[in-house]
Structure formats: structure tokens, C-alpha cells
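Below is the file entry_2.pdb, which contains PDB, C-alpha atoms and all ligand atoms.
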```
ATOM      1  CA  MET U  18       0.000   0.000   0.000  1.00  0.00           C
ATOM      2  CA  THR U  19       1.424   3.392  -0.956  1.00  0.00           C
ATOM      3  CA  ARG U  20       1.492   6.324   1.441  1.00  0.00           C
ATOM      4  CA  ALA U  21      -1.221   8.044  -0.600  1.00  0.00           C
ATOM      5  CA  GLU U  22      -3.506   4.967  -0.444  1.00  0.00           C
ATOM      6  CA  LYS U  23      -2.917   4.703   3.267  1.00  0.00           C
ATOM      7  CA  ALA U  24      -3.758   8.397   3.721  1.00  0.00           C
ATOM      8  CA  ALA U  25      -7.003   8.037   1.761  1.00  0.00           C
ATOM      9  CA  ARG U  26      -8.089   5.055   3.868  1.00  0.00           C
ATOM     10  CA  ILE U  27      -7.248   6.862   7.105  1.00  0.00           C
ATOM     11  CA  ALA U  28      -9.215   9.936   5.977  1.00  0.00           C
ATOM     12  CA  GLU U  29     -12.249   7.712   5.244  1.00  0.00           C
ATOM     13  CA  GLN U  30     -12.052   6.004   8.625  1.00  0.00           C
ATOM     14  CA  LEU U  31     -11.693   9.283  10.505  1.00  0.00           C
ATOM     15  CA  ALA U  32     -14.622  10.805   8.607  1.00  0.00           C
ATOM     16  CA  GLU U  33     -16.759   7.828   9.633  1.00  0.00           C
ATOM     17  CA  LEU U  34     -15.665   8.078  13.270  1.00  0.00           C
ATOM     18  CA  TYR U  35     -15.967  11.884  13.510  1.00  0.00           C
ATOM     19  CA  PRO U  36     -18.294  13.086  10.718  1.00  0.00           C
ATOM     20  CA  GLU U  37     -18.603  16.634  12.048  1.00  0.00           C
ATOM     21  CA  PRO U  38     -15.779  17.277  14.467  1.00  0.00           C
ATOM     22  CA  PRO U  39     -16.686  20.188  16.750  1.00  0.00           C
ATOM     23  CA  ILE U  40     -14.232  22.997  17.543  1.00  0.00           C
ATOM     24  CA  PRO U  41     -13.107  22.197  21.084  1.00  0.00           C
ATOM     25  CA  LEU U  42     -12.440  25.761  22.298  1.00  0.00           C
ATOM     26  CA  ASP U  43     -15.529  27.821  23.155  1.00  0.00           C
ATOM     27  CA  HIS U  44     -15.640  31.159  21.315  1.00  0.00           C
ATOM     28  CA  THR U  45     -18.053  33.527  19.610  1.00  0.00           C
ATOM     29  CA  ASP U  46     -15.911  35.230  16.963  1.00  0.00           C
ATOM     30  CA  PRO U  47     -12.343  35.319  15.553  1.00  0.00           C
ATOM     31  CA  PHE U  48     -11.066  37.429  18.465  1.00  0.00           C
ATOM     32  CA  THR U  49     -12.379  35.154  21.222  1.00  0.00           C
ATOM     33  CA  LEU U  50     -11.088  32.132  19.281  1.00  0.00           C
ATOM     34  CA  LEU U  51      -7.630  33.693  18.962  1.00  0.00           C
ATOM     35  CA  VAL U  52      -7.576  34.408  22.701  1.00  0.00           C
ATOM     36  CA  ALA U  53      -8.708  30.858  23.538  1.00  0.00           C
ATOM     37  CA  VAL U  54      -6.073  29.304  21.256  1.00  0.00           C
ATOM     38  CA  MET U  55      -3.355  31.496  22.771  1.00  0.00           C
ATOM     39  CA  LEU U  56      -4.445  30.373  26.232  1.00  0.00           C
ATOM     40  CA  SER U  57      -4.465  26.699  25.251  1.00  0.00           C
ATOM     41  CA  ALA U  58      -0.675  26.314  24.955  1.00  0.00           C
ATOM     42  CA  GLN U  59       0.414  23.632  27.432  1.00  0.00           C
ATOM     43  CA  THR U  60      -3.078  23.600  28.979  1.00  0.00           C
ATOM     44  CA  THR U  61      -6.094  21.417  28.307  1.00  0.00           C
ATOM     45  CA  ASP U  62      -8.975  22.754  26.216  1.00  0.00           C
ATOM     46  CA  LYS U  63     -11.264  21.899  29.134  1.00  0.00           C
ATOM     47  CA  LYS U  64      -9.329  24.204  31.443  1.00  0.00           C
ATOM     48  CA  VAL U  65      -9.390  27.008  28.864  1.00  0.00           C
ATOM     49  CA  ASN U  66     -13.159  26.640  28.485  1.00  0.00           C
ATOM     50  CA  GLU U  67     -13.544  26.918  32.259  1.00  0.00           C
ATOM     51  CA  VAL U  68     -11.592  30.170  32.368  1.00  0.00           C
ATOM     52  CA  THR U  69     -12.695  32.056  29.241  1.00  0.00           C
ATOM     53  CA  PRO U  70     -16.328  32.845  30.250  1.00  0.00           C
ATOM     54  CA  ALA U  71     -15.094  35.181  33.039  1.00  0.00           C
ATOM     55  CA  LEU U  72     -12.418  36.669  30.793  1.00  0.00           C
ATOM     56  CA  PHE U  73     -14.791  37.261  27.871  1.00  0.00           C
ATOM     57  CA  ALA U  74     -17.402  38.765  30.204  1.00  0.00           C
ATOM     58  CA  VAL U  75     -14.902  41.545  30.912  1.00  0.00           C
ATOM     59  CA  ALA U  76     -12.942  41.655  27.649  1.00  0.00           C
ATOM     60  CA  PRO U  77     -14.923  40.311  24.678  1.00  0.00           C
ATOM     61  CA  THR U  78     -13.258  42.667  22.161  1.00  0.00           C
ATOM     62  CA  PRO U  79      -9.700  43.784  21.344  1.00  0.00           C
ATOM     63  CA  GLU U  80     -10.527  47.277  22.614  1.00  0.00           C
ATOM     64  CA  LYS U  81     -11.690  46.015  25.999  1.00  0.00           C
ATOM     65  CA  MET U  82      -8.790  43.559  26.349  1.00  0.00           C
ATOM     66  CA  ALA U  83      -6.272  46.284  25.441  1.00  0.00           C
ATOM     67  CA  ALA U  84      -7.819  48.577  28.079  1.00  0.00           C
ATOM     68  CA  LEU U  85      -7.184  46.066  30.887  1.00  0.00           C
ATOM     69  CA  GLU U  86      -3.987  46.069  32.935  1.00  0.00           C
ATOM     70  CA  VAL U  87      -1.779  42.998  32.518  1.00  0.00           C
ATOM     71  CA  GLU U  88      -2.354  42.194  36.205  1.00  0.00           C
ATOM     72  CA  GLU U  89      -6.121  42.192  35.694  1.00  0.00           C
ATOM     73  CA  ILE U  90      -5.823  39.766  32.773  1.00  0.00           C
ATOM     74  CA  ARG U  91      -3.406  37.603  34.755  1.00  0.00           C
ATOM     75  CA  GLU U  92      -5.851  37.430  37.643  1.00  0.00           C
ATOM     76  CA  LEU U  93      -8.652  36.353  35.300  1.00  0.00           C
ATOM     77  CA  ILE U  94      -6.559  33.565  33.763  1.00  0.00           C
ATOM     78  CA  ARG U  95      -4.525  32.613  36.837  1.00  0.00           C
ATOM     79  CA  GLN U  96      -5.712  28.973  36.797  1.00  0.00           C
ATOM     80  CA  ILE U  97      -4.011  28.441  33.462  1.00  0.00           C
ATOM     81  CA  GLY U  98      -0.364  27.461  32.982  1.00  0.00           C
ATOM     82  CA  LEU U  99       2.048  30.266  32.008  1.00  0.00           C
ATOM     83  CA  ALA U 100      -0.545  32.877  33.032  1.00  0.00           C
ATOM     84  CA  PRO U 101       1.952  35.764  33.490  1.00  0.00           C
ATOM     85  CA  THR U 102       3.387  35.407  29.962  1.00  0.00           C
ATOM     86  CA  LYS U 103      -0.008  34.774  28.398  1.00  0.00           C
ATOM     87  CA  ALA U 104      -1.485  37.851  30.121  1.00  0.00           C
ATOM     88  CA  LYS U 105       1.299  40.060  28.733  1.00  0.00           C
ATOM     89  CA  ASN U 106       0.853  38.611  25.242  1.00  0.00           C
ATOM     90  CA  LEU U 107      -2.944  39.054  25.313  1.00  0.00           C
ATOM     91  CA  LYS U 108      -2.605  42.732  26.224  1.00  0.00           C
ATOM     92  CA  LYS U 109       0.049  43.346  23.520  1.00  0.00           C
ATOM     93  CA  MET U 110      -1.857  41.351  20.905  1.00  0.00           C
ATOM     94  CA  ALA U 111      -5.117  43.237  21.561  1.00  0.00           C
ATOM     95  CA  THR U 112      -3.310  46.579  21.463  1.00  0.00           C
ATOM     96  CA  ILE U 113      -1.810  45.735  18.048  1.00  0.00           C
ATOM     97  CA  LEU U 114      -5.219  44.650  16.733  1.00  0.00           C
ATOM     98  CA  VAL U 115      -6.661  48.013  17.780  1.00  0.00           C
ATOM     99  CA  GLU U 116      -3.751  50.119  16.554  1.00  0.00           C
ATOM    100  CA  GLU U 117      -2.843  48.299  13.339  1.00  0.00           C
ATOM    101  CA  HIS U 118      -5.790  46.167  12.225  1.00  0.00           C
ATOM    102  CA  GLY U 119      -8.836  48.310  12.962  1.00  0.00           C
ATOM    103  CA  GLY U 120      -9.805  46.130  15.913  1.00  0.00           C
ATOM    104  CA  GLU U 121     -10.120  43.016  13.714  1.00  0.00           C
ATOM    105  CA  VAL U 122      -8.225  39.721  13.714  1.00  0.00           C
ATOM    106  CA  PRO U 123      -6.294  39.582  10.422  1.00  0.00           C
ATOM    107  CA  ARG U 124      -6.802  36.597   8.106  1.00  0.00           C
ATOM    108  CA  ASP U 125      -3.333  36.746   6.660  1.00  0.00           C
ATOM    109  CA  HIS U 126      -0.836  34.205   8.013  1.00  0.00           C
ATOM    110  CA  ALA U 127       2.080  36.652   8.083  1.00  0.00           C
ATOM    111  CA  ASP U 128      -0.013  39.223   9.987  1.00  0.00           C
ATOM    112  CA  LEU U 129      -1.175  36.588  12.466  1.00  0.00           C
ATOM    113  CA  VAL U 130       2.281  35.204  13.263  1.00  0.00           C
ATOM    114  CA  ALA U 131       3.539  38.769  13.732  1.00  0.00           C
ATOM    115  CA  LEU U 132       1.251  39.083  16.779  1.00  0.00           C
ATOM    116  CA  PRO U 133       2.843  38.463  20.213  1.00  0.00           C
ATOM    117  CA  GLY U 134       2.288  34.929  21.461  1.00  0.00           C
ATOM    118  CA  VAL U 135       1.021  33.701  18.076  1.00  0.00           C
ATOM    119  CA  GLY U 136       3.128  31.026  16.393  1.00  0.00           C
ATOM    120  CA  ASN U 137       2.587  29.043  13.212  1.00  0.00           C
ATOM    121  CA  LYS U 138       0.251  26.522  14.853  1.00  0.00           C
ATOM    122  CA  THR U 139      -1.946  29.093  16.620  1.00  0.00           C
ATOM    123  CA  ALA U 140      -2.196  31.123  13.423  1.00  0.00           C
ATOM    124  CA  GLN U 141      -3.281  28.086  11.423  1.00  0.00           C
ATOM    125  CA  VAL U 142      -5.931  27.104  13.979  1.00  0.00           C
ATOM    126  CA  VAL U 143      -7.407  30.613  13.687  1.00  0.00           C
ATOM    127  CA  GLU U 144      -7.200  30.585   9.891  1.00  0.00           C
ATOM    128  CA  ALA U 145      -8.977  27.215   9.754  1.00  0.00           C
ATOM    129  CA  GLN U 146     -11.565  27.619  12.492  1.00  0.00           C
ATOM    130  CA  ALA U 147     -12.358  31.338  12.318  1.00  0.00           C
ATOM    131  CA  PHE U 148     -12.053  31.937   8.584  1.00  0.00           C
ATOM    132  CA  GLY U 149     -12.399  28.486   6.975  1.00  0.00           C
ATOM    133  CA  VAL U 150      -9.048  28.875   5.218  1.00  0.00           C
ATOM    134  CA  PRO U 151      -7.498  25.435   4.548  1.00  0.00           C
ATOM    135  CA  ALA U 152      -4.774  24.899   7.148  1.00  0.00           C
ATOM    136  CA  PHE U 153      -3.143  21.935   8.888  1.00  0.00           C
ATOM    137  CA  PRO U 154      -1.916  22.976  12.328  1.00  0.00           C
ATOM    138  CA  VAL U 155       0.327  20.200  13.590  1.00  0.00           C
ATOM    139  CA  ASP U 156       0.715  19.804  17.333  1.00  0.00           C
ATOM    140  CA  THR U 157       2.795  17.156  19.080  1.00  0.00           C
ATOM    141  CA  HIS U 158      -0.141  14.688  19.051  1.00  0.00           C
ATOM    142  CA  ILE U 159      -0.711  14.962  15.304  1.00  0.00           C
ATOM    143  CA  HIS U 160       3.042  14.824  14.755  1.00  0.00           C
ATOM    144  CA  ARG U 161       3.298  11.588  16.749  1.00  0.00           C
ATOM    145  CA  LEU U 162       0.324   9.957  15.064  1.00  0.00           C
ATOM    146  CA  ALA U 163       1.478  10.854  11.548  1.00  0.00           C
ATOM    147  CA  ALA U 164       4.723   9.020  12.312  1.00  0.00           C
ATOM    148  CA  ARG U 165       2.894   6.064  13.875  1.00  0.00           C
ATOM    149  CA  TRP U 166       0.699   5.704  10.816  1.00  0.00           C
ATOM    150  CA  GLY U 167       3.700   5.904   8.509  1.00  0.00           C
ATOM    151  CA  LEU U 168       2.490   9.143   6.874  1.00  0.00           C
ATOM    152  CA  SER U 169       5.619  11.112   7.710  1.00  0.00           C
ATOM    153  CA  SER U 170       9.183  10.461   8.780  1.00  0.00           C
ATOM    154  CA  GLY U 171       8.484  12.056  12.146  1.00  0.00           C
ATOM    155  CA  LYS U 172      11.657  14.156  11.762  1.00  0.00           C
ATOM    156  CA  ASN U 173      10.065  17.365  13.027  1.00  0.00           C
ATOM    157  CA  VAL U 174       6.730  19.184  13.137  1.00  0.00           C
ATOM    158  CA  ALA U 175       7.505  21.226  10.007  1.00  0.00           C
ATOM    159  CA  THR U 176       8.203  18.062   7.975  1.00  0.00           C
ATOM    160  CA  THR U 177       5.023  16.436   9.270  1.00  0.00           C
ATOM    161  CA  GLU U 178       2.970  19.495   8.274  1.00  0.00           C
ATOM    162  CA  ARG U 179       4.495  19.452   4.781  1.00  0.00           C
ATOM    163  CA  ASP U 180       3.911  15.686   4.375  1.00  0.00           C
ATOM    164  CA  LEU U 181       0.294  15.807   5.595  1.00  0.00           C
ATOM    165  CA  LYS U 182      -0.501  18.772   3.354  1.00  0.00           C
ATOM    166  CA  SER U 183       0.858  16.926   0.347  1.00  0.00           C
ATOM    167  CA  LEU U 184      -0.951  13.668   1.191  1.00  0.00           C
ATOM    168  CA  PHE U 185      -4.469  14.956   1.918  1.00  0.00           C
ATOM    169  CA  PRO U 186      -6.645  17.110  -0.367  1.00  0.00           C
ATOM    170  CA  GLU U 187      -6.933  20.706   0.835  1.00  0.00           C
ATOM    171  CA  GLU U 188     -10.666  20.497   1.435  1.00  0.00           C
ATOM    172  CA  LEU U 189     -10.093  17.816   4.103  1.00  0.00           C
ATOM    173  CA  TRP U 190      -7.349  19.603   6.065  1.00  0.00           C
ATOM    174  CA  ASN U 191      -9.503  21.546   8.532  1.00  0.00           C
ATOM    175  CA  ASP U 192     -11.615  18.551   9.532  1.00  0.00           C
ATOM    176  CA  LEU U 193      -8.678  16.141   9.539  1.00  0.00           C
ATOM    177  CA  HIS U 194      -6.738  18.288  11.955  1.00  0.00           C
ATOM    178  CA  LEU U 195      -9.588  17.974  14.463  1.00  0.00           C
ATOM    179  CA  GLN U 196     -10.395  14.336  13.627  1.00  0.00           C
ATOM    180  CA  ILE U 197      -6.806  13.256  14.288  1.00  0.00           C
ATOM    181  CA  ILE U 198      -6.798  15.142  17.600  1.00  0.00           C
ATOM    182  CA  TYR U 199     -10.053  13.488  18.689  1.00  0.00           C
ATOM    183  CA  PHE U 200      -8.819  10.056  17.608  1.00  0.00           C
ATOM    184  CA  GLY U 201      -5.554  10.515  19.479  1.00  0.00           C
ATOM    185  CA  ARG U 202      -7.301  11.644  22.654  1.00  0.00           C
ATOM    186  CA  GLU U 203      -9.701   8.747  22.564  1.00  0.00           C
ATOM    187  CA  HIS U 204      -7.436   5.929  21.477  1.00  0.00           C
ATOM    188  CA  CYS U 205      -3.752   6.626  21.803  1.00  0.00           C
ATOM    189  CA  PRO U 206      -1.773   6.138  24.972  1.00  0.00           C
ATOM    190  CA  ALA U 207       1.700   7.676  24.975  1.00  0.00           C
ATOM    191  CA  ARG U 208       3.382   4.374  25.775  1.00  0.00           C
ATOM    192  CA  GLY U 209       3.703   1.041  24.023  1.00  0.00           C
ATOM    193  CA  HIS U 210       0.575  -1.074  23.579  1.00  0.00           C
ATOM    194  CA  ASP U 211      -1.028  -3.714  21.363  1.00  0.00           C
ATOM    195  CA  LEU U 212      -1.376  -2.238  17.877  1.00  0.00           C
ATOM    196  CA  SER U 213      -3.564  -5.060  16.608  1.00  0.00           C
ATOM    197  CA  THR U 214      -6.562  -3.761  18.593  1.00  0.00           C
ATOM    198  CA  CYS U 215      -6.400  -0.267  17.096  1.00  0.00           C
ATOM    199  CA  PRO U 216      -8.765   0.634  14.232  1.00  0.00           C
ATOM    200  CA  ILE U 217      -5.988   2.393  12.326  1.00  0.00           C
ATOM    201  CA  CYS U 218      -2.591   1.188  13.500  1.00  0.00           C
ATOM    202  CA  GLY U 219      -3.952  -2.367  13.235  1.00  0.00           C
ATOM    203  CA  TRP U 220      -3.423  -2.079   9.472  1.00  0.00           C
ATOM    204  CA  ALA U 221      -1.473   1.165   8.964  1.00  0.00           C
ATOM    205  CA  ALA U 222       1.515   1.027  11.302  1.00  0.00           C
ATOM    206  CA  SER U 223       4.940   0.663   9.732  1.00  0.00           C
ATOM    207  CA  LYS U 224       6.815  -2.632  10.222  1.00  0.00           C
ATOM    208  CA  LYS U 225       9.457  -0.705  12.140  1.00  0.00           C
ATOM    209  CA  ARG U 226       6.868   0.625  14.586  1.00  0.00           C
ATOM    210  CA  ILE U 227       5.179  -2.774  15.060  1.00  0.00           C
ATOM    211  CA  ALA U 228       8.586  -4.251  15.936  1.00  0.00           C
ATOM    212  CA  GLU U 229       9.353  -1.358  18.299  1.00  0.00           C
ATOM    213  CA  GLU U 230       6.031  -1.656  20.137  1.00  0.00           C
ATOM    214  CA  ALA U 231       6.384  -5.450  20.377  1.00  0.00           C
ATOM    215  CA  LYS U 232       9.822  -4.961  21.914  1.00  0.00           C
ATOM    216  CA  LYS U 233       8.469  -2.438  24.427  1.00  0.00           C
ATOM    217  CA  ASN U 234       5.656  -4.789  25.389  1.00  0.00           C
ATOM    218  CA  ALA U 235       7.771  -7.946  25.620  1.00  0.00           C
ATOM    219  CA  PRO U 236       8.245  -9.209  29.184  1.00  0.00           C
ATOM    220  CA  LYS U 237      11.665  -8.138  30.389  1.00  0.00           C
ATOM    221  CA  LYS U 238      14.255 -10.860  30.972  1.00  0.00           C
ATOM    222  CA  ARG U 239      14.982 -10.991  34.641  1.00  0.00           C
ATOM    223  CA  LYS U 240      18.544 -10.201  35.535  1.00  0.00           C
ATOM    224  CA  LYS U 241      20.403 -12.829  37.466  1.00  0.00           C
ATOM    225  CA  THR U 242      20.802 -11.683  40.999  1.00  0.00           C
ATOM    226  CA  ALA U 243      24.220 -11.760  42.633  1.00  0.00           C
ATOM    227  CA  ALA U 244      23.060 -14.588  44.923  1.00  0.00           C
ATOM    228  CA  LYS U 245      21.925 -16.675  41.948  1.00  0.00           C
ATOM    229  CA  LYS U 246      25.207 -16.053  40.158  1.00  0.00           C
ATOM    230  CA  THR U 247      27.180 -17.216  43.229  1.00  0.00           C
ATOM    231  CA  ALA U 248      25.018 -20.321  43.553  1.00  0.00           C
ATOM    232  CA  ALA U 249      25.523 -21.124  39.844  1.00  0.00           C
ATOM    233  CA  LYS U 250      29.303 -20.745  40.225  1.00  0.00           C
ATOM    234  CA  LYS U 251      29.326 -23.054  43.271  1.00  0.00           C
ATOM    235  CA  THR U 252      27.327 -25.724  41.393  1.00  0.00           C
ATOM    236  CA  ALA U 253      29.696 -25.529  38.427  1.00  0.00           C
ATOM    237  CA  ALA U 254      32.745 -25.794  40.727  1.00  0.00           C
ATOM    238  CA  LYS U 255      31.196 -28.772  42.583  1.00  0.00           C
ATOM    239  CA  LYS U 256      30.562 -30.571  39.281  1.00  0.00           C
ATOM    240  CA  THR U 257      34.180 -29.983  38.209  1.00  0.00           C
ATOM    241  CA  THR U 258      35.484 -31.358  41.529  1.00  0.00           C
ATOM    242  CA  GLU U 259      33.242 -34.437  41.286  1.00  0.00           C
ATOM    243  CA  LYS U 260      34.348 -35.049  37.704  1.00  0.00           C
ATOM    244  CA  ALA U 261      38.012 -34.728  38.689  1.00  0.00           C
ATOM    245  CA  ALA U 262      37.471 -37.154  41.612  1.00  0.00           C
ATOM    246  CA  ARG U 263      35.899 -39.725  39.299  1.00  0.00           C
ATOM    247  CA  SER U 264      38.712 -39.609  36.739  1.00  0.00           C
TER     248      SER U 264
HETATM  249  S1  LIG U 301      -2.202   1.744  17.780  1.00  0.00           S
HETATM  250 FE1  LIG U 301      -2.130   3.075  19.373  1.00  0.00          FE
HETATM  251  S2  LIG U 301      -1.008   4.830  18.705  1.00  0.00           S
HETATM  252 FE2  LIG U 301      -1.672   3.775  16.922  1.00  0.00          FE
HETATM  253  S3  LIG U 301      -3.495   4.884  16.420  1.00  0.00           S
HETATM  254 FE3  LIG U 301      -3.996   3.046  17.568  1.00  0.00          FE
HETATM  255  S4  LIG U 301      -4.211   3.642  19.616  1.00  0.00           S
HETATM  256 FE4  LIG U 301      -3.135   5.261  18.488  1.00  0.00          FE
END
```

As C-alpha cells - that is how I would like this structure written.
Ligand code: SF4
Amino acid sequence: MTRAEKAARIAEQLAELYPEPPIPLDHTDPFTLLVAVMLSAQTTDKKVNEVTPALFAVAPTPEKMAALEVEEIRELIRQIGLAPTKAKNLKKMATILVEEHGGEVPRDHADLVALPGVGNKTAQVVEAQAFGVPAFPVDTHIHRLAARWGLSSGKNVATTERDLKSLFPEELWNDLHLQIIYFGREHCPARGHDLSTCPICGWAASKKRIAEEAKKNAPKKRKKTAAKKTAAKKTAAKKTTEKAARS
């Protein structure tokens, strides 16, 4: 099976499993989505969704967010990891939106990644989910799965993004990004396990990966303890003595 055939089959399976994958971060417009995505770095979506209602009640627009002090933002998002840095970035980002983009979130990738706290992945999530622009944001989970399914070499996130974009038709990218995330959350443990029970790896995993997982799962050979080694030496010595006595 070629990589392209494998990709097509995976896309079909994921579409059956998750026909209409919902956007996991609660938001009402491009600005609130951008804020939620910025907050989600190294934090669960669930945690972000718990925190954003209070934040958006006070600062639902770039103007209102820019008017807050960093300390006020930090207090509102304090339950989230990296709150001090994220608070500073939210204030700066909102100020730039007001001063340079007429209070709107830009659609352009270069404009998005120029905002403080917005990297390639965050920008692509916003492009895909706020504006419907085809994008394939690759996080560590998608990166790992693409390698497990043999769709990419797994060298780095940039290579995975390039490989996935070349394997899947553009119109599937936005859904696939979410479908792979949902599949990973539901099915994939981080450590070695039995691939044969998985709906995708069961047929798609590379031979190399199957061998690696089998090795990880194999029962470890028990090391001989020092006491056992001494006992074995004594037995061998006794046998030698007996043999010598007989001859
Ligand atoms: S075998 Fe494991 S890692 Fe691979 S897709 Fe299935 S559950 Fe995920």
C-alpha cells in the first residue's frame, strides 16, 4: 500500500468516526477564538473553556482587552499554565489589533504570526476555524500519530505538516486536523501497547513501529541476581570437583 492509499483510507475512517468534528475551544468570533487558542498552549482545552467565560465577560473585544492592565488579565486567567506570559501577550496582541488592524483579527498568516504569542500553529488554527481557510496545524499529538501511521518520517513538526498537506486534499485539512486530535485523545496512549486492537494502527503502522512496540511490550528478561550467580558458580565448581574425583 502506498502512502497516498494509506492516507485516503485513514481519511475515510476518521470521517466515519468523527463526521462533524466540533471545535473544542468555546468562542463567539475570531477574536475570542484567537484568545482561547493562545491560552491553550500547554493547557487542556477543558481548562481554557472553564476560564474564558469570566475573561470574555470583561474583555470580549480587542478594545476592551487592550484597556485592561496585565495584572487584571493575569488574575482572570490565573488557573491556566504560564498565566503571566499569556497575560502580557494578550494585552500586547489586543493593542496591536486596535492600533494596526482596525480592531479586527487579520486573516493573513504573516499578519497573524507577527502578533505576540502567536506562532505558526496558533495562526493556522485561527485561519482554519475562524475563517475556513485550509490549514493543517500540527501539534505534538498529530506529529506523533502521523509518524505512527507511517504518513511522515516524524523528523520534526515542520516536515510532518508538509507531508500531511501533500498527502491529503486541501478540502479535508480543517476537519482532519480535528479528527486526528479526537482520535488521538480517545485511542492513543503515549506508551507502548497492542497495535492489533487499534482501528488504524492495526493495518497502517509501519513494520518498524510494530517491531518497536512489540519490543516495548515484551516481558523483560529478569537479571540474574548476585546470589543466583554465586550459587551457579558453586554448582559448576562442585561438578568440576566431582568429575576430577571420578577420573
Ligand atoms: S495503535 Fe495506538 S497509537 Fe496507533 S493509532 Fe492506535 S491507539 Fe493510536

Which region 124-228 of chain U residues have any atom within 10 Å of an atom of region 96-113 of chain U, and for each, what is the nearest pair of atoms with distance in Å to one decimal, counting all atoms listed in the file, rows sorted by chain and number, as JSON lines?
```
{"residue": "U:Leu129", "atom": "CA", "partner": "U:Met110", "partner_atom": "CA", "distance": 9.7}
{"residue": "U:Ala131", "atom": "CA", "partner": "U:Met110", "partner_atom": "CA", "distance": 9.3}
{"residue": "U:Leu132", "atom": "CA", "partner": "U:Met110", "partner_atom": "CA", "distance": 5.6}
{"residue": "U:Pro133", "atom": "CA", "partner": "U:Asn106", "partner_atom": "CA", "distance": 5.4}
{"residue": "U:Gly134", "atom": "CA", "partner": "U:Asn106", "partner_atom": "CA", "distance": 5.5}
{"residue": "U:Val135", "atom": "CA", "partner": "U:Met110", "partner_atom": "CA", "distance": 8.6}
```

- Query: Within 10 Å of region 49-51 of chain U, counting only C-alpha atoms, which residues qualify if same-chain residues fewer than 3 places away don't, as a ChimeraX atom specification?
  - Reply: /U:40,42-46,54-57,69,72-73,76-79,107,110,122,129,135,139-140,142-144,146-147

- Between CA of Gly201 (chain U) and CA of Arg161 (chain U), measure the distance and give it in Å to one decimal.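 We find that CA of Gly201 (chain U) and CA of Arg161 (chain U) lie 9.3 Å from each other.
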
Please provide the set of residues having any atom within 12 Å of region 220-236 of chain U, restricted to only C-alpha atoms, with same-chain residues fewer than 6 positions apart removed, written as a PDB file with C-alpha atoms, in the frame of the given file.
```pdb
ATOM      1  CA  MET U  18       0.000   0.000   0.000  1.00  0.00           C
ATOM      2  CA  THR U  19       1.424   3.392  -0.956  1.00  0.00           C
ATOM      3  CA  ARG U  20       1.492   6.324   1.441  1.00  0.00           C
ATOM      4  CA  ALA U  21      -1.221   8.044  -0.600  1.00  0.00           C
ATOM      5  CA  GLU U  22      -3.506   4.967  -0.444  1.00  0.00           C
ATOM      6  CA  LYS U  23      -2.917   4.703   3.267  1.00  0.00           C
ATOM      7  CA  ALA U  24      -3.758   8.397   3.721  1.00  0.00           C
ATOM      8  CA  ALA U  25      -7.003   8.037   1.761  1.00  0.00           C
ATOM      9  CA  ARG U  26      -8.089   5.055   3.868  1.00  0.00           C
ATOM     10  CA  ILE U  27      -7.248   6.862   7.105  1.00  0.00           C
ATOM     11  CA  GLN U  30     -12.052   6.004   8.625  1.00  0.00           C
ATOM     12  CA  ARG U 161       3.298  11.588  16.749  1.00  0.00           C
ATOM     13  CA  LEU U 162       0.324   9.957  15.064  1.00  0.00           C
ATOM     14  CA  ALA U 163       1.478  10.854  11.548  1.00  0.00           C
ATOM     15  CA  ALA U 164       4.723   9.020  12.312  1.00  0.00           C
ATOM     16  CA  ARG U 165       2.894   6.064  13.875  1.00  0.00           C
ATOM     17  CA  TRP U 166       0.699   5.704  10.816  1.00  0.00           C
ATOM     18  CA  GLY U 167       3.700   5.904   8.509  1.00  0.00           C
ATOM     19  CA  LEU U 168       2.490   9.143   6.874  1.00  0.00           C
ATOM     20  CA  SER U 169       5.619  11.112   7.710  1.00  0.00           C
ATOM     21  CA  SER U 170       9.183  10.461   8.780  1.00  0.00           C
ATOM     22  CA  GLY U 171       8.484  12.056  12.146  1.00  0.00           C
ATOM     23  CA  ALA U 207       1.700   7.676  24.975  1.00  0.00           C
ATOM     24  CA  ARG U 208       3.382   4.374  25.775  1.00  0.00           C
ATOM     25  CA  GLY U 209       3.703   1.041  24.023  1.00  0.00           C
ATOM     26  CA  HIS U 210       0.575  -1.074  23.579  1.00  0.00           C
ATOM     27  CA  ASP U 211      -1.028  -3.714  21.363  1.00  0.00           C
ATOM     28  CA  LEU U 212      -1.376  -2.238  17.877  1.00  0.00           C
ATOM     29  CA  SER U 213      -3.564  -5.060  16.608  1.00  0.00           C
ATOM     30  CA  THR U 214      -6.562  -3.761  18.593  1.00  0.00           C
TER      31      THR U 214
END
```

- Task: For CA of Leu31 (chain U) and CA of Ile198 (chain U), determine how far apart the two atoms are, in Å to one decimal place.
- Result: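 Calculated distance between CA of Leu31 (chain U) and CA of Ile198 (chain U) is 10.4 Å.
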
- Note on the structure: Pairwise distance, CA of Pro47 (chain U) with CA of Thr61 (chain U), equals 19.9 Å

- Task: Would you be able to write out as a PyMOL selection string which residues have an atom within 8 Å of (-4.0, 5.1, 19.0) in the file's coordinates, counting all atoms listed in the file?
- Result: chain U and resi 162+200-201+203-206+212+215+217-218

- Fewer than 5 positions away in the same chain doesn't count, so skip those; otherwise give me all residues within 10 Å of Arg179 (chain U), counting all atoms listed in the file, as a ChimeraX atom specification. /U:153,155,169,174,184

- Item | Pick from U:His126, U:Lys81, U:Lys182, U:His194, whichever lies nearest to Pro154 (chain U) using only C-alpha atoms |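 Smallest distance to Pro154 (chain U) is found for U:His194.
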
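The nearest approach to ligand LIG 301 (chain U) among the residues U:Lys64, U:His158, U:Arg124, U:Lys250, with all atoms listed in the file taken into account, belongs to U:His158.
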
Enclose ligand LIG 301 (chain U), meaning all of its atoms listed in the file, in a box aligned along x, y and z, pad it by 8 Å on each side, and list the centre and edge lengths in Å to one decimal, as JSON.
```
{"center_x": -2.6, "center_y": 3.5, "center_z": 18.0, "size_x": 19.2, "size_y": 19.5, "size_z": 19.2}
```

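Closest approach to ligand LIG 301 (chain U) among U:Glu178, U:Ile159, U:Pro70, U:Glu188: U:Ile159, based on all atoms listed in the file.
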